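Next comes coords.cif, with mmCIF, C-alpha atoms.
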```cif
data_final
#
loop_
_atom_site.label_atom_id
_atom_site.label_comp_id
_atom_site.auth_asym_id
_atom_site.auth_seq_id
_atom_site.Cartn_x
_atom_site.Cartn_y
_atom_site.Cartn_z
CA MET A 1 113.69 -52.35 -145.31
CA GLY A 2 112.46 -53.35 -141.89
CA LYS A 3 114.00 -55.83 -139.52
CA HIS A 4 113.42 -59.55 -139.77
CA GLU A 5 113.29 -61.99 -136.91
CA ILE A 6 115.75 -64.83 -137.26
CA GLU A 7 116.61 -67.89 -135.23
CA VAL A 8 120.16 -69.18 -135.47
CA THR A 9 121.66 -72.02 -133.48
CA ILE A 10 125.25 -71.18 -132.59
CA ASN A 11 127.32 -73.74 -130.68
CA GLY A 12 124.10 -75.46 -129.62
CA LYS A 13 122.48 -72.33 -128.25
CA VAL A 14 119.48 -70.78 -130.01
CA TYR A 15 119.66 -67.04 -130.68
CA GLN A 16 116.39 -65.33 -131.61
CA GLU A 17 117.07 -61.81 -132.78
CA GLU A 18 115.80 -59.08 -135.05
CA VAL A 19 118.22 -58.08 -137.76
CA GLU A 20 118.41 -55.80 -140.77
CA PRO A 21 118.93 -57.84 -143.94
CA ARG A 22 122.25 -56.12 -144.55
CA MET A 23 123.79 -57.29 -141.28
CA LEU A 24 126.73 -59.58 -142.06
CA LEU A 25 126.82 -62.92 -140.28
CA SER A 26 130.26 -62.00 -138.91
CA ASP A 27 128.82 -58.87 -137.26
CA PHE A 28 125.84 -60.83 -135.95
CA VAL A 29 128.08 -63.42 -134.32
CA ARG A 30 130.33 -60.81 -132.71
CA ASP A 31 128.14 -57.81 -131.97
CA VAL A 32 124.72 -59.36 -131.40
CA CYS A 33 125.68 -62.71 -129.90
CA GLY A 34 128.88 -61.48 -128.23
CA LEU A 35 130.98 -64.31 -129.60
CA THR A 36 134.11 -62.31 -130.30
CA GLY A 37 136.34 -65.32 -130.89
CA THR A 38 135.47 -64.93 -134.57
CA HIS A 39 137.65 -62.16 -135.98
CA VAL A 40 136.90 -59.77 -138.80
CA GLY A 41 139.74 -58.80 -141.11
CA CYS A 42 139.16 -57.79 -144.71
CA GLU A 43 135.36 -58.11 -144.96
CA HIS A 44 135.52 -59.24 -148.55
CA GLY A 45 136.36 -62.89 -148.30
CA VAL A 46 140.12 -62.77 -148.80
CA CYS A 47 141.76 -63.02 -145.36
CA GLY A 48 139.83 -65.94 -143.85
CA ALA A 49 139.86 -64.57 -140.27
CA CYS A 50 136.05 -64.73 -139.99
CA THR A 51 135.72 -68.36 -141.14
CA ILE A 52 133.08 -70.27 -139.20
CA ASN A 53 131.16 -73.49 -139.75
CA VAL A 54 127.65 -73.22 -141.19
CA ASN A 55 125.69 -76.44 -141.62
CA GLY A 56 128.82 -78.56 -141.68
CA SER A 57 131.00 -76.46 -143.98
CA ALA A 58 133.70 -73.89 -143.25
CA VAL A 59 132.62 -70.61 -144.85
CA ARG A 60 133.42 -66.91 -144.68
CA SER A 61 130.99 -65.27 -142.26
CA CYS A 62 131.65 -61.85 -143.86
CA LEU A 63 130.24 -63.17 -147.15
CA MET A 64 126.92 -64.25 -145.68
CA PHE A 65 124.13 -62.13 -144.31
CA ALA A 66 122.90 -63.07 -140.85
CA ILE A 67 119.42 -63.47 -142.29
CA GLN A 68 120.75 -66.25 -144.53
CA ALA A 69 121.68 -68.23 -141.43
CA ASP A 70 118.07 -68.26 -140.24
CA GLY A 71 117.27 -71.81 -139.14
CA GLN A 72 120.86 -72.99 -139.68
CA GLN A 73 123.41 -74.65 -137.42
CA VAL A 74 126.50 -72.53 -136.82
CA GLN A 75 129.69 -73.38 -134.99
CA THR A 76 132.29 -70.80 -133.99
CA VAL A 77 135.68 -71.23 -132.35
CA GLU A 78 134.00 -70.99 -128.93
CA GLY A 79 132.06 -74.15 -129.80
CA LEU A 80 135.02 -76.40 -130.62
CA THR A 81 134.83 -77.83 -127.10
CA SER A 82 132.11 -77.70 -124.51
CA ASN A 83 134.32 -78.10 -121.44
CA HIS A 84 136.53 -74.98 -121.75
CA GLU A 85 139.60 -77.12 -122.38
CA LEU A 86 141.60 -76.74 -125.54
CA THR A 87 141.23 -79.25 -128.37
CA ASP A 88 144.18 -81.35 -129.49
CA LEU A 89 144.53 -79.07 -132.51
CA GLN A 90 144.57 -75.95 -130.34
CA LYS A 91 147.19 -77.47 -128.02
CA ASN A 92 149.36 -78.32 -131.01
CA PHE A 93 149.05 -74.75 -132.32
CA ILE A 94 150.59 -73.62 -129.03
CA GLU A 95 153.23 -76.33 -129.00
CA CYS A 96 154.34 -75.90 -132.63
CA HIS A 97 154.23 -72.09 -132.60
CA GLY A 98 151.24 -72.06 -134.94
CA LEU A 99 150.31 -68.58 -133.78
CA GLN A 100 151.80 -65.38 -132.52
CA CYS A 101 149.24 -62.57 -132.41
CA GLY A 102 146.37 -65.02 -132.85
CA PHE A 103 144.22 -62.86 -135.11
CA CYS A 104 144.02 -65.44 -137.89
CA THR A 105 143.91 -68.47 -135.59
CA ALA A 106 140.17 -68.83 -134.99
CA GLY A 107 139.46 -68.91 -138.71
CA ILE A 108 142.25 -71.38 -139.38
CA LEU A 109 141.03 -73.70 -136.60
CA MET A 110 137.51 -73.69 -138.04
CA SER A 111 138.75 -74.42 -141.58
CA THR A 112 141.12 -77.11 -140.39
CA GLU A 113 138.56 -79.01 -138.30
CA ASP A 114 136.09 -79.06 -141.21
CA TYR A 115 138.82 -80.02 -143.68
CA LEU A 116 140.16 -82.87 -141.52
CA GLU A 117 136.68 -84.23 -141.02
CA LYS A 118 136.26 -84.53 -144.79
CA ASN A 119 139.91 -85.45 -145.58
CA PRO A 120 141.40 -87.17 -142.50
CA ASN A 121 144.83 -87.76 -144.12
CA PRO A 122 145.77 -84.83 -146.35
CA SER A 123 149.26 -84.41 -147.78
CA SER A 124 151.40 -81.38 -146.81
CA LYS A 125 150.54 -79.88 -150.20
CA GLU A 126 146.82 -80.31 -149.57
CA ILE A 127 147.15 -78.74 -146.12
CA LYS A 128 148.94 -75.77 -147.65
CA GLU A 129 146.25 -75.45 -150.32
CA MET A 130 143.59 -75.40 -147.62
CA LEU A 131 145.61 -72.79 -145.69
CA SER A 132 145.90 -70.61 -148.80
CA GLY A 133 142.44 -69.39 -147.85
CA HIS A 134 143.89 -67.74 -144.75
CA LEU A 135 146.31 -64.88 -144.29
CA CYS A 136 148.76 -65.08 -141.37
CA ARG A 137 151.24 -62.23 -141.02
CA CYS A 138 153.19 -63.67 -138.07
CA THR A 139 154.15 -67.29 -138.48
CA GLY A 140 155.15 -67.82 -142.09
CA TYR A 141 152.72 -70.77 -141.87
CA ASP A 142 155.43 -73.28 -141.01
CA GLY A 143 154.25 -73.72 -137.42
CA ILE A 144 150.66 -73.95 -138.57
CA VAL A 145 151.43 -76.77 -141.00
CA LYS A 146 153.42 -78.57 -138.29
CA ALA A 147 150.58 -78.23 -135.77
CA ILE A 148 148.09 -79.66 -138.23
CA GLU A 149 150.39 -82.51 -139.24
CA LYS A 150 151.07 -83.37 -135.58
CA THR A 151 147.34 -83.45 -134.90
CA ILE A 152 146.73 -85.78 -137.83
CA GLU A 153 149.50 -88.08 -136.65
CA GLU A 154 148.13 -88.18 -133.10
CA ARG A 155 144.58 -88.79 -134.24
CA ASN A 156 145.72 -91.63 -136.50
CA GLN A 157 147.64 -93.19 -133.60
CA SER A 158 144.68 -92.99 -131.27
CA VAL A 159 142.51 -94.68 -133.91
CA LEU A 160 145.07 -97.50 -134.18
CA SER A 161 145.37 -98.03 -130.46
CA MET B 1 132.97 -52.20 -145.52
CA LYS B 2 129.32 -52.77 -144.76
CA PRO B 3 126.79 -53.34 -147.51
CA PRO B 4 124.09 -50.74 -148.22
CA LYS B 5 120.48 -51.37 -147.23
CA PHE B 6 118.35 -53.72 -149.28
CA GLU B 7 115.13 -55.65 -149.07
CA TYR B 8 115.44 -59.38 -148.69
CA TYR B 9 113.22 -62.14 -150.01
CA LYS B 10 113.67 -65.87 -149.71
CA PRO B 11 111.36 -67.62 -152.16
CA ALA B 12 110.43 -71.25 -151.54
CA THR B 13 109.96 -72.15 -155.21
CA LEU B 14 111.51 -71.16 -158.52
CA GLU B 15 108.14 -69.80 -159.63
CA GLU B 16 108.05 -67.52 -156.62
CA ALA B 17 111.61 -66.39 -157.32
CA LEU B 18 110.73 -65.54 -160.93
CA ASN B 19 107.66 -63.58 -159.82
CA LEU B 20 109.73 -61.60 -157.33
CA LEU B 21 112.35 -60.93 -159.96
CA GLU B 22 109.76 -59.58 -162.37
CA GLU B 23 108.20 -57.35 -159.71
CA ALA B 24 111.61 -55.99 -158.68
CA GLY B 25 112.63 -55.21 -162.27
CA ASP B 26 116.05 -53.56 -162.51
CA ASP B 27 116.26 -53.26 -158.71
CA GLY B 28 116.27 -57.02 -158.20
CA LYS B 29 119.29 -59.27 -157.93
CA ILE B 30 119.52 -62.98 -157.32
CA ILE B 31 121.88 -64.10 -154.57
CA ALA B 32 123.11 -67.70 -154.52
CA GLY B 33 126.54 -68.41 -152.97
CA GLY B 34 127.27 -64.69 -152.69
CA GLN B 35 131.02 -65.18 -152.99
CA SER B 36 131.27 -62.53 -155.71
CA LEU B 37 128.16 -60.47 -154.97
CA VAL B 38 128.69 -59.93 -151.24
CA PRO B 39 132.29 -58.64 -151.59
CA ILE B 40 131.20 -56.10 -154.20
CA MET B 41 128.25 -55.11 -152.01
CA ASN B 42 130.57 -54.77 -148.99
CA MET B 43 132.80 -52.53 -151.07
CA ARG B 44 129.66 -50.71 -152.31
CA LEU B 45 130.53 -51.34 -155.92
CA ALA B 46 127.02 -52.79 -156.22
CA SER B 47 123.92 -51.76 -154.32
CA PRO B 48 120.94 -53.81 -155.42
CA LYS B 49 117.76 -52.60 -153.74
CA CYS B 50 116.23 -56.03 -153.54
CA LEU B 51 117.99 -59.36 -152.99
CA ILE B 52 116.22 -62.57 -153.88
CA ASP B 53 117.92 -65.44 -152.09
CA ILE B 54 117.59 -68.73 -153.99
CA ASN B 55 119.47 -70.79 -151.41
CA GLY B 56 116.20 -72.42 -150.36
CA LEU B 57 115.57 -73.91 -153.81
CA GLU B 58 116.98 -77.37 -153.17
CA GLU B 59 115.64 -78.61 -156.51
CA LEU B 60 118.30 -76.50 -158.26
CA SER B 61 121.12 -78.46 -156.64
CA TYR B 62 122.01 -81.69 -158.46
CA ILE B 63 124.61 -83.41 -160.62
CA LYS B 64 123.29 -85.84 -163.25
CA ASN B 65 124.64 -87.75 -166.22
CA GLU B 66 121.76 -88.13 -168.68
CA ASP B 67 122.04 -89.20 -172.32
CA ASN B 68 125.78 -88.60 -172.24
CA THR B 69 125.27 -85.05 -171.05
CA LEU B 70 126.45 -83.76 -167.70
CA LYS B 71 123.71 -81.67 -166.12
CA ILE B 72 124.45 -79.55 -163.06
CA GLY B 73 121.85 -77.53 -161.21
CA THR B 74 122.74 -73.88 -160.84
CA LEU B 75 122.75 -73.94 -157.03
CA THR B 76 125.16 -76.87 -156.77
CA ARG B 77 128.10 -75.82 -154.60
CA GLN B 78 131.48 -75.77 -156.28
CA SER B 79 132.82 -78.07 -153.56
CA ASP B 80 130.08 -80.64 -154.31
CA VAL B 81 131.20 -80.77 -157.93
CA GLU B 82 134.83 -80.91 -156.80
CA GLN B 83 134.11 -83.93 -154.59
CA SER B 84 131.88 -85.72 -157.10
CA GLU B 85 133.46 -88.97 -158.28
CA MET B 86 131.12 -89.02 -161.23
CA VAL B 87 132.34 -85.61 -162.44
CA ALA B 88 135.96 -86.67 -161.96
CA ASN B 89 135.29 -89.78 -164.08
CA VAL B 90 133.33 -88.26 -166.93
CA CYS B 91 134.52 -84.66 -167.03
CA GLY B 92 138.06 -84.33 -165.72
CA LEU B 93 138.51 -80.83 -167.14
CA LEU B 94 135.71 -79.46 -165.00
CA ALA B 95 137.01 -81.24 -161.90
CA GLU B 96 140.50 -79.85 -162.52
CA ALA B 97 139.23 -76.31 -163.15
CA ILE B 98 137.17 -76.24 -159.97
CA THR B 99 140.11 -76.93 -157.68
CA GLN B 100 141.61 -73.64 -158.91
CA ILE B 101 138.61 -71.45 -158.01
CA GLY B 102 139.25 -69.31 -154.92
CA HIS B 103 139.75 -71.36 -151.79
CA VAL B 104 138.17 -74.39 -150.08
CA GLN B 105 136.19 -72.02 -147.87
CA THR B 106 134.72 -70.04 -150.79
CA ARG B 107 134.03 -73.17 -152.86
CA ASN B 108 132.00 -74.53 -149.94
CA ARG B 109 129.51 -71.74 -150.54
CA GLY B 110 130.10 -70.58 -154.13
CA THR B 111 127.80 -72.08 -156.74
CA ILE B 112 128.28 -73.32 -160.29
CA GLY B 113 125.67 -71.00 -161.79
CA GLY B 114 126.77 -68.00 -159.75
CA SER B 115 130.30 -68.00 -161.09
CA ILE B 116 129.07 -68.37 -164.66
CA VAL B 117 126.55 -65.49 -164.54
CA HIS B 118 129.09 -63.29 -162.76
CA ALA B 119 131.26 -63.79 -165.89
CA ASP B 120 134.60 -62.51 -164.65
CA PRO B 121 136.91 -62.63 -167.70
CA SER B 122 139.54 -64.66 -165.86
CA ALA B 123 137.21 -66.94 -163.88
CA GLU B 124 137.64 -70.69 -164.20
CA LEU B 125 134.08 -71.91 -164.75
CA PRO B 126 133.20 -69.70 -167.75
CA LEU B 127 136.45 -70.83 -169.39
CA ALA B 128 135.80 -74.50 -168.64
CA LEU B 129 132.23 -74.23 -169.94
CA LEU B 130 133.39 -72.65 -173.20
CA THR B 131 136.18 -75.18 -173.70
CA LEU B 132 133.79 -78.08 -173.12
CA ASN B 133 131.26 -76.62 -175.59
CA GLY B 134 128.70 -76.45 -172.81
CA SER B 135 125.52 -74.44 -172.59
CA VAL B 136 123.28 -72.90 -169.98
CA GLN B 137 119.56 -73.17 -169.40
CA ILE B 138 117.92 -69.85 -168.65
CA THR B 139 114.46 -69.65 -167.13
CA SER B 140 112.01 -66.76 -166.95
CA LYS B 141 108.28 -66.66 -166.24
CA ASP B 142 107.55 -67.00 -169.94
CA GLU B 143 110.09 -69.43 -171.29
CA VAL B 144 113.00 -71.75 -170.77
CA ARG B 145 115.79 -71.20 -173.27
CA THR B 146 119.18 -72.74 -173.86
CA VAL B 147 122.21 -70.66 -174.81
CA ALA B 148 125.58 -72.05 -175.87
CA ALA B 149 128.60 -70.83 -173.90
CA GLU B 150 129.95 -69.33 -177.14
CA ASP B 151 126.97 -66.95 -177.28
CA PHE B 152 126.40 -66.44 -173.56
CA PHE B 153 129.32 -64.20 -172.59
CA ILE B 154 129.06 -60.68 -174.00
CA THR B 155 131.67 -58.55 -172.26
CA TYR B 156 133.16 -57.94 -168.79
CA LEU B 157 130.69 -59.20 -166.17
CA THR B 158 127.94 -59.14 -168.78
CA THR B 159 126.05 -62.08 -170.22
CA ASP B 160 123.02 -62.76 -172.36
CA ILE B 161 120.84 -63.07 -169.24
CA MET B 162 117.99 -60.56 -168.76
CA PRO B 163 117.00 -58.98 -165.41
CA THR B 164 113.91 -61.21 -165.23
CA GLU B 165 115.77 -64.44 -165.94
CA VAL B 166 117.59 -67.00 -163.80
CA LEU B 167 120.29 -69.38 -164.94
CA THR B 168 118.90 -72.75 -163.86
CA GLU B 169 121.14 -75.46 -165.29
CA VAL B 170 124.56 -75.97 -166.82
CA THR B 171 124.94 -78.72 -169.42
CA ILE B 172 128.13 -80.20 -170.80
CA PRO B 173 128.19 -82.76 -173.62
CA LEU B 174 130.35 -85.78 -172.77
CA MET B 175 132.68 -87.52 -175.22
CA GLU B 176 132.84 -91.27 -175.53
CA GLU B 177 136.05 -91.35 -177.51
CA LYS B 178 139.50 -91.30 -176.01
CA SER B 179 139.98 -87.79 -174.80
CA GLY B 180 142.43 -85.69 -172.86
CA TYR B 181 142.20 -82.35 -171.16
CA SER B 182 144.21 -79.77 -169.32
CA PHE B 183 143.41 -76.67 -167.31
CA GLN B 184 146.25 -74.45 -166.16
CA GLU B 185 146.54 -70.92 -164.90
CA VAL B 186 149.07 -68.46 -163.55
CA ALA B 187 148.01 -66.33 -160.59
CA ARG B 188 150.05 -64.15 -158.26
CA ARG B 189 148.87 -66.12 -155.24
CA HIS B 190 147.11 -69.46 -154.97
CA GLY B 191 143.38 -68.80 -155.13
CA ASP B 192 143.59 -65.38 -156.75
CA PHE B 193 141.95 -64.68 -160.04
CA ALA B 194 144.22 -65.91 -162.81
CA LEU B 195 146.37 -63.44 -164.73
CA VAL B 196 145.86 -65.83 -167.62
CA ALA B 197 144.22 -69.26 -167.70
CA ALA B 198 144.18 -71.81 -170.50
CA ALA B 199 142.06 -74.88 -171.07
CA CYS B 200 142.12 -77.58 -173.71
CA HIS B 201 140.02 -80.61 -174.49
CA MET B 202 140.96 -82.99 -177.31
CA THR B 203 140.25 -86.41 -178.72
CA VAL B 204 142.76 -88.56 -180.57
CA ASP B 205 142.54 -91.83 -182.50
CA ASP B 206 144.70 -94.92 -181.98
CA GLU B 207 147.49 -93.53 -184.17
CA GLY B 208 147.70 -90.36 -182.10
CA ILE B 209 145.97 -88.26 -184.76
CA ILE B 210 143.95 -85.43 -183.23
CA THR B 211 140.30 -85.86 -184.20
CA ALA B 212 138.84 -82.87 -182.33
CA VAL B 213 140.25 -80.10 -180.19
CA ARG B 214 139.00 -77.04 -178.38
CA LEU B 215 141.41 -74.51 -176.89
CA ALA B 216 140.33 -71.45 -174.94
CA LEU B 217 141.99 -68.71 -172.88
CA GLY B 218 140.81 -66.65 -169.93
CA GLY B 219 142.11 -63.26 -168.85
CA VAL B 220 143.23 -62.14 -172.31
CA GLU B 221 139.97 -60.55 -173.48
CA ALA B 222 136.74 -59.27 -171.92
CA ILE B 223 135.27 -62.77 -172.19
CA PRO B 224 136.78 -66.25 -172.31
CA LEU B 225 138.26 -66.60 -175.79
CA LEU B 226 137.98 -69.68 -177.98
CA ILE B 227 141.01 -70.00 -180.26
CA GLY B 228 139.11 -71.23 -183.30
CA ASP B 229 142.24 -71.64 -185.43
CA ALA B 230 143.56 -74.33 -183.10
CA GLU B 231 140.95 -76.71 -184.45
CA ASP B 232 141.95 -76.04 -188.08
CA ILE B 233 145.66 -76.29 -187.37
CA LEU B 234 145.59 -79.43 -185.25
CA THR B 235 142.74 -81.61 -186.50
CA GLY B 236 144.02 -84.56 -188.52
CA GLU B 237 147.58 -84.09 -187.27
CA GLN B 238 149.81 -85.41 -184.53
CA LEU B 239 150.84 -82.76 -182.04
CA SER B 240 154.28 -81.31 -182.82
CA ASP B 241 156.36 -78.32 -181.74
CA LEU B 242 155.87 -76.77 -185.16
CA LEU B 243 152.08 -77.00 -184.95
CA MET B 244 152.08 -75.66 -181.39
CA GLU B 245 154.12 -72.72 -182.63
CA GLN B 246 151.45 -72.07 -185.26
CA VAL B 247 148.75 -72.17 -182.60
CA THR B 248 150.57 -69.64 -180.45
CA GLU B 249 150.82 -67.36 -183.50
CA SER B 250 147.02 -67.54 -183.74
CA VAL B 251 146.76 -66.77 -180.04
CA GLU B 252 148.83 -63.65 -180.65
CA MET B 253 146.60 -62.59 -183.53
CA GLU B 254 143.28 -63.33 -181.89
CA SER B 255 143.85 -61.87 -178.43
CA ASP B 256 144.73 -58.42 -177.17
CA PRO B 257 145.16 -58.54 -173.38
CA GLU B 258 144.85 -55.36 -171.34
CA SER B 259 147.44 -54.01 -168.94
CA ASP B 260 146.44 -53.45 -165.34
CA LEU B 261 147.92 -53.28 -161.85
CA HIS B 262 148.60 -57.01 -161.83
CA ALA B 263 150.27 -57.57 -165.19
CA SER B 264 151.19 -55.77 -168.38
CA SER B 265 149.67 -56.64 -171.71
CA GLU B 266 153.01 -58.05 -172.87
CA TYR B 267 153.32 -60.30 -169.84
CA ARG B 268 149.78 -61.60 -170.26
CA MET B 269 150.51 -62.36 -173.91
CA HIS B 270 153.66 -64.20 -172.90
CA LEU B 271 151.68 -66.25 -170.37
CA ALA B 272 148.95 -66.95 -172.94
CA LYS B 273 151.49 -68.47 -175.31
CA VAL B 274 153.31 -70.46 -172.63
CA LEU B 275 150.08 -71.80 -171.15
CA THR B 276 148.77 -72.65 -174.62
CA LYS B 277 151.73 -74.94 -175.21
CA ARG B 278 151.44 -76.46 -171.75
CA VAL B 279 147.74 -77.31 -172.03
CA LEU B 280 148.08 -78.67 -175.55
CA THR B 281 150.96 -80.89 -174.47
CA GLN B 282 149.23 -82.17 -171.34
CA ALA B 283 145.88 -82.73 -173.05
CA TYR B 284 147.59 -84.65 -175.86
CA GLU B 285 149.56 -86.81 -173.45
CA ARG B 286 146.47 -87.60 -171.44
CA ALA B 287 144.43 -88.37 -174.56
CA ARG B 288 147.08 -90.82 -175.77
CA GLY B 289 147.04 -92.39 -172.30
#
```
Show how you would write the structure in this file as structure tokens.
Amino acid sequence: MGKHEIEVTINGKVYQEEVEPRMLLSDFVRDVCGLTGTHVGCEHGVCGACTINVNGSAVRSCLMFAIQADGQQVQTVEGLTSNHELTDLQKNFIECHGLQCGFCTAGILMSTEDYLEKNPNPSSKEIKEMLSGHLCRCTGYDGIVKAIEKTIEERNQSVLS
Amino acid sequence: MKPPKFEYYKPATLEEALNLLEEAGDDGKIIAGGQSLVPIMNMRLASPKCLIDINGLEELSYIKNEDNTLKIGTLTRQSDVEQSEMVANVCGLLAEAITQIGHVQTRNRGTIGGSIVHADPSAELPLALLTLNGSVQITSKDEVRTVAAEDFFITYLTTDIMPTEVLTEVTIPLMEEKSGYSFQEVARRHGDFALVAAACHMTVDDEGIITAVRLALGGVEAIPLLIGDAEDILTGEQLSDLLMEQVTESVEMESDPESDLHASSEYRMHLAKVLTKRVLTQAYERARG
């Protein structure tokens, strides 16, 4: 039951660490790498707060062991931009009241970016289905849906122009 | 909510995985997507001493249509099947069932084989597999065997698979005739396990006479339940309210749902009958085109 050495690339930076097999990826990201933007809620895959991007897909980091991310590419909310400015989606979350306490926000941003990359023009129903994988106790989701829809609209306009 | 200690192995080939599984004996457990296993480990409902991670076995991830049979490798992610145009074209029931499993984020990681071997009585994939008369390929060091869905599920979370075996492929026979399907469920929240789920696949001729039908329910028994009488009642007939009523009477006789925190036995039975009518109606309409 010894430790294993793993190498995980998170937001472009390589982390070489020794971990016990049972260490969850969510704990690795937060406690070992210090990237506390990823939040941990239920730890059994229901709340969605810990959602991060692993090899191009939004997944629950509490349902993966860190050792399973060995050699993989990971993106967390800290890696959405490299210049410390907010993304268009993040700005719209502020503008449309898509968050209050912010606990669920990082996970929702990671899911949304992955979802929009694969489905650039989802319907409101599809957005809500995607959001069903996240629990938000503050907003009632209305502001979140609006923020996502505004972002889609703006991105479509910038493609046209 | 942290999992207990375990040893971890990541085999590079299926052969290596099978060797590890045999060495580990009852202590060994395969992990694929981990979307059912890791939650129960986090809650310490399961504490396997040795995890064998098959995520490196790329050769177990594929979707093929061969000889009019849909073949899906066990490690194929649920979202890959969901996004497959080929699956949507040749096996609409499976495509429809998959959208109702968990959430986008869990389907990105959850696998086809994993959900089937986990065998939750209200899970979508076991029900879809049974309705579509599918089967699974099971591999051990000594043999490769095929088991029909009807024989594979034994009771709650228990299947015909032995500790030294791995489910390697899921196969579904495809129909050439005009066919229709429906998969519907009722859950408290979107993405939750269904209280009751129903699935139907049927073929009809040009006059609207049903030539074959399979109807199955999830969440009403310890395993997905095929309503065998539906075939006898409906084959050779056009769908009517009277016949649907007869089918729901069979549903009442053949199933005995349990009560739990989420729903009473009576409510589950009510849902089973309502969903039975809904899936029969939708499958028939789709089959008639």
Practice task
Define the interface residues of chain A facing chain B as those within 7 Å, counting only C-alpha atoms, and report them as a ChimeraX atom specification.
Solution key: /A:1,21-22,43-45,57-60,63,130,132-133
Do a neighbour search on stretch 29-40 of chain A at 8 Å with all atoms listed in the file, toss out local chain neighbours closer than 2 positions, and write the hits as a PDB file with C-alpha atoms, in the frame of the given file.
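Ended up saving to part_12.pdb:
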```pdb
ATOM      1  CA  TYR A  15     119.660 -67.040-130.680  1.00  0.00           C
ATOM      2  CA  LEU A  25     126.820 -62.920-140.280  1.00  0.00           C
ATOM      3  CA  SER A  26     130.260 -62.000-138.910  1.00  0.00           C
ATOM      4  CA  ASP A  27     128.820 -58.870-137.260  1.00  0.00           C
ATOM      5  CA  CYS A  42     139.160 -57.790-144.710  1.00  0.00           C
ATOM      6  CA  GLU A  43     135.360 -58.110-144.960  1.00  0.00           C
ATOM      7  CA  ALA A  49     139.860 -64.570-140.270  1.00  0.00           C
ATOM      8  CA  CYS A  50     136.050 -64.730-139.990  1.00  0.00           C
ATOM      9  CA  THR A  51     135.720 -68.360-141.140  1.00  0.00           C
ATOM     10  CA  ILE A  52     133.080 -70.270-139.200  1.00  0.00           C
ATOM     11  CA  CYS A  62     131.650 -61.850-143.860  1.00  0.00           C
ATOM     12  CA  THR A  76     132.290 -70.800-133.990  1.00  0.00           C
ATOM     13  CA  VAL A  77     135.680 -71.230-132.350  1.00  0.00           C
ATOM     14  CA  GLU A  78     134.000 -70.990-128.930  1.00  0.00           C
ATOM     15  CA  PHE A 103     144.220 -62.860-135.110  1.00  0.00           C
ATOM     16  CA  CYS A 104     144.020 -65.440-137.890  1.00  0.00           C
ATOM     17  CA  ALA A 106     140.170 -68.830-134.990  1.00  0.00           C
ATOM     18  CA  GLY A 107     139.460 -68.910-138.710  1.00  0.00           C
TER      19      GLY A 107
END
```
Practice task
Measure the distance from atom CA of A:Leu99 to atom CA of A:Arg155 in Å and round it to one decimal.
Solution key: 21.0 Å
Exercise for the section: Work out how far atom CA of A:Cys101 is from atom CA of A:Thr139, in Å to one decimal. Expected result: 9.1 Å
Practice task
Show which residues sit within 8 Å of stretch 200-214 of chain B, as a count of residues only. Count only C-alpha atoms, and ignore same-chain residues fewer than 3 positions away.
Solution key: 27
Practice task
Please measure the separation of atom CA of B:Leu129 and atom CA of B:Leu70, giving the value in Å to one decimal.
Solution key: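 Interatomic distance, atom CA of B:Leu129 to atom CA of B:Leu70: 11.4 Å.
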Exercise for the section: Please write the residues picked by the PyMOL selection byres ((chain B and resi 87) around 12) on this file as an MDAnalysis selection string. Expected result: chainID B and resid 62:65 69:72 78:86 88:98 172 174
Handout entry: Residue members of the PyMOL selection byres ((chain A and resi 82-94) around 9) in the file shown, as number ranges by chain
Key = A: 11, 78-81, 95-99, 105, 109, 112-113, 143-144, 146-148, 150-152, 154-155
Mind dumping the selected residues with C-alpha atoms as a PDB file, keeping the file's coordinate frame?
```pdb
ATOM      1  CA  ASN A  11     127.320 -73.740-130.680  1.00  0.00           C
ATOM      2  CA  GLU A  78     134.000 -70.990-128.930  1.00  0.00           C
ATOM      3  CA  GLY A  79     132.060 -74.150-129.800  1.00  0.00           C
ATOM      4  CA  LEU A  80     135.020 -76.400-130.620  1.00  0.00           C
ATOM      5  CA  THR A  81     134.830 -77.830-127.100  1.00  0.00           C
ATOM      6  CA  GLU A  95     153.230 -76.330-129.000  1.00  0.00           C
ATOM      7  CA  CYS A  96     154.340 -75.900-132.630  1.00  0.00           C
ATOM      8  CA  HIS A  97     154.230 -72.090-132.600  1.00  0.00           C
ATOM      9  CA  GLY A  98     151.240 -72.060-134.940  1.00  0.00           C
ATOM     10  CA  LEU A  99     150.310 -68.580-133.780  1.00  0.00           C
ATOM     11  CA  THR A 105     143.910 -68.470-135.590  1.00  0.00           C
ATOM     12  CA  LEU A 109     141.030 -73.700-136.600  1.00  0.00           C
ATOM     13  CA  THR A 112     141.120 -77.110-140.390  1.00  0.00           C
ATOM     14  CA  GLU A 113     138.560 -79.010-138.300  1.00  0.00           C
ATOM     15  CA  GLY A 143     154.250 -73.720-137.420  1.00  0.00           C
ATOM     16  CA  ILE A 144     150.660 -73.950-138.570  1.00  0.00           C
ATOM     17  CA  LYS A 146     153.420 -78.570-138.290  1.00  0.00           C
ATOM     18  CA  ALA A 147     150.580 -78.230-135.770  1.00  0.00           C
ATOM     19  CA  ILE A 148     148.090 -79.660-138.230  1.00  0.00           C
ATOM     20  CA  LYS A 150     151.070 -83.370-135.580  1.00  0.00           C
ATOM     21  CA  THR A 151     147.340 -83.450-134.900  1.00  0.00           C
ATOM     22  CA  ILE A 152     146.730 -85.780-137.830  1.00  0.00           C
ATOM     23  CA  GLU A 154     148.130 -88.180-133.100  1.00  0.00           C
ATOM     24  CA  ARG A 155     144.580 -88.790-134.240  1.00  0.00           C
TER      25      ARG A 155
END
```
